[in-house]
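This report concerns only the one structure given below.
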Amino acid sequence: MLLLGIDTDSFETADYIANWGKSRGFFWPLSTLDRDVLVAYNVRTQSTKIGIDSNGVIVLREGYGTNSVETWQEWLVLLSRND
Amino acid sequence: MNQKISLSYPRMAIAMAVYMALLLVVSVACGTEFGSVDSPGETLPVTSSPASEVPGMAGAAQNAPNTSVIVDSPGTDATGNPLEEPSTTQTKPSVSTTPLPSASVPADTSTVAPIRKVGYNVGEQAPDFVLHSVTGETYTVSEVVASGKSVLLYFFASW
C-alpha cells in the first residue's frame with residue numbers, strides 16, 4: 001500500500017512541507033497542493049482520506065477529523081488486504 | 001365669398017391629386033423594399049419546417065438567409081427588452097440528450113470488462129493523476145494500482 005499526503009493549503013511551500021513532515025517523522029511522500037486533484041476527488045475539507053484498492057476503485061472515503069488509531073488500523077487492513 | 005371659394009377649389013383639387021400621387025409613389029417604394037424581408041410567407045414556412053429543428057439551423061439559413069436572424073437571434077423590442085424565443089427553438093435537442101448513432105453490428109460484450117464510472121465516491125473508479133512529492137519523486141496512481149498496490153490519499157494541512 002502507498003500512502004500519499006497531499007497538502008490542501010496553497011500558502012505552504014514545498015520546503016515548508018518537507019521540513020514539517022521530516023520533523024514529525026513522516027516517511028510517506030508528501031506533496032504541495034494540487035488543485036486538479038482536489039477538484040477531481042471533490043475534496044472540500046481537511047483531512048479527507050480516500051482509499052483506492054488494487055483495482056483502482058475507491059473503497060474508502062472519510063472527511064473531516066483526525067480519527068482514532070483503531071480507525072486508521074481498520075483502513076490500513078482494508079486497503080492492504082489484496083496487496 | 002362664394003366666388004373666392006369656387007376659384008380656389010381647382011387649386012385644392014390639383015394639390016390633393018399631387019399629394020395622392022406622392023403617397024402612392026412612396027408606398028410603392030416602401031412596399032417593394034420591406035416586402036422581401038418581413039413577408040410572413042417567407043419566414044413562417046422555414047421556422048416551422050422540420051429542417052429548422054436541426055441544430056445550428058445551417059440548412060434553413062442557407063435556403064432563406066433573411067430568416068436565420070429571426071430564429072437564432074430574437075433581438076430586443078422598441079423598449080430594449082429581449083424578445084421571446086420563437087417556439088421552434090424550444091424544440092431543439094440539446095447536445096447532452098442526443099444519443100449516439102448505434103452500430104449496425106451489435107458489439108460482442110462477452111469479452112469486454114465492465115466499465116465503472118469515474119468519480120470520487122465509494123464504488124467508483126478513481127481518477128488517475130500524477131503527483132510530484134516535495135522530495136522529488138513522481139507517483140502515478142494508475143501505475144501504482146497496476147503493480148497490485150492500493151493507495152491511501154491523505155489530504156492534509158500542517159495546521
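For the C-alpha cells, the naming scheme is as follows: chains receive sequential letters (A, B, ...) according to their order of presentation, residues are indexed from 1 within each chain, and ligands are indexed from 1 in presentation order.
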Using only C-alpha atoms, find which residues of chain A lie within 9 Å of chain B and jot them down as an MDAnalysis selection string. chainID A and resid 1:9 12:15 17:18 20:21 29:34 36:38 40:43 45:61 75:76 79:83
Export C-alpha atoms of the chosen residues as an mmCIF file, in the first residue's frame?
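Just written: selection_7.cif:
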data_model
loop_
_atom_site.group_PDB
_atom_site.id
_atom_site.type_symbol
_atom_site.label_atom_id
_atom_site.label_comp_id
_atom_site.auth_asym_id
_atom_site.auth_seq_id
_atom_site.Cartn_x
_atom_site.Cartn_y
_atom_site.Cartn_z
ATOM 1 C CA MET A 1 0.000 0.000 0.000
ATOM 2 C CA LEU A 2 1.136 3.513 -0.806
ATOM 3 C CA LEU A 3 0.204 6.449 1.411
ATOM 4 C CA LEU A 4 0.266 9.802 -0.410
ATOM 5 C CA GLY A 5 -0.092 13.016 1.547
ATOM 6 C CA ILE A 6 -1.459 15.964 -0.439
ATOM 7 C CA ASP A 7 -1.434 19.415 1.115
ATOM 8 C CA THR A 8 -4.606 21.493 0.999
ATOM 9 C CA ASP A 9 -3.061 24.833 1.961
ATOM 10 C CA GLU A 12 2.541 26.173 2.348
ATOM 11 C CA THR A 13 5.639 25.775 0.178
ATOM 12 C CA ALA A 14 7.458 22.583 -0.760
ATOM 13 C CA ASP A 15 10.347 23.364 1.591
ATOM 14 C CA ILE A 17 6.092 20.800 3.843
ATOM 15 C CA ALA A 18 9.322 18.814 3.561
ATOM 16 C CA TRP A 20 7.279 19.800 8.545
ATOM 17 C CA GLY A 21 6.994 16.144 7.544
ATOM 18 C CA PRO A 29 5.517 11.016 0.263
ATOM 19 C CA LEU A 30 4.077 14.494 0.698
ATOM 20 C CA SER A 31 3.164 16.978 -1.987
ATOM 21 C CA THR A 32 2.077 20.559 -2.148
ATOM 22 C CA LEU A 33 -1.464 21.492 -3.101
ATOM 23 C CA ASP A 34 -2.677 20.210 -6.465
ATOM 24 C CA ASP A 36 -6.731 19.478 -10.171
ATOM 25 C CA VAL A 37 -6.576 16.538 -7.772
ATOM 26 C CA LEU A 38 -8.732 18.342 -5.216
ATOM 27 C CA ALA A 40 -11.228 15.538 -9.350
ATOM 28 C CA TYR A 41 -11.766 13.980 -5.914
ATOM 29 C CA ASN A 42 -14.142 16.694 -4.675
ATOM 30 C CA VAL A 43 -12.050 17.395 -1.599
ATOM 31 C CA THR A 45 -12.228 19.697 3.915
ATOM 32 C CA GLN A 46 -9.040 18.576 5.543
ATOM 33 C CA SER A 47 -8.238 15.968 6.423
ATOM 34 C CA THR A 48 -10.080 13.953 3.787
ATOM 35 C CA LYS A 49 -8.952 10.334 3.437
ATOM 36 C CA ILE A 50 -9.622 8.391 0.236
ATOM 37 C CA GLY A 51 -8.664 4.750 -0.176
ATOM 38 C CA ILE A 52 -8.194 3.154 -3.610
ATOM 39 C CA ASP A 53 -7.887 -0.612 -3.865
ATOM 40 C CA SER A 54 -5.637 -2.512 -6.254
ATOM 41 C CA ASN A 55 -8.408 -2.464 -8.877
ATOM 42 C CA GLY A 56 -8.457 1.320 -8.927
ATOM 43 C CA VAL A 57 -11.821 1.502 -7.189
ATOM 44 C CA ILE A 58 -12.493 3.877 -4.315
ATOM 45 C CA VAL A 59 -13.270 1.752 -1.267
ATOM 46 C CA LEU A 60 -12.894 4.326 1.473
ATOM 47 C CA ARG A 61 -13.788 7.966 1.882
ATOM 48 C CA TRP A 75 -8.451 1.376 6.991
ATOM 49 C CA LEU A 76 -4.919 0.055 6.590
ATOM 50 C CA LEU A 79 -6.520 -1.378 1.858
ATOM 51 C CA SER A 80 -3.643 -3.824 2.305
ATOM 52 C CA ARG A 81 -5.911 -6.873 2.110
ATOM 53 C CA ASN A 82 -5.218 -7.509 -1.584
ATOM 54 C CA ASP A 83 -1.716 -6.065 -1.808
#
Enumerate, as a list in words, the complete set of residues in chain A that a backbone-based DSSP assignment places in strand (DSSP E).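 Across chain A, those assigned strand (DSSP E) are Leu2, Leu3, Leu4, Gly5, Ile6, Asp7, Leu30, Ser31, Lys49, Ile50, Gly51, Ile52, Ile58, Val59, Leu60, Arg61 and Glu62 of chain A.
Here CA of Arg35 in chain A stands at a distance of 16.1 Å from CA of Thr140 in chain B.
From CA of Glu62 in chain A back to CA of Leu78 in chain A, the distance works out to 13.7 Å.
Interatomic distance, CA of Glu70 in chain A against CA of Arg44 in chain A: 24.5 Å.
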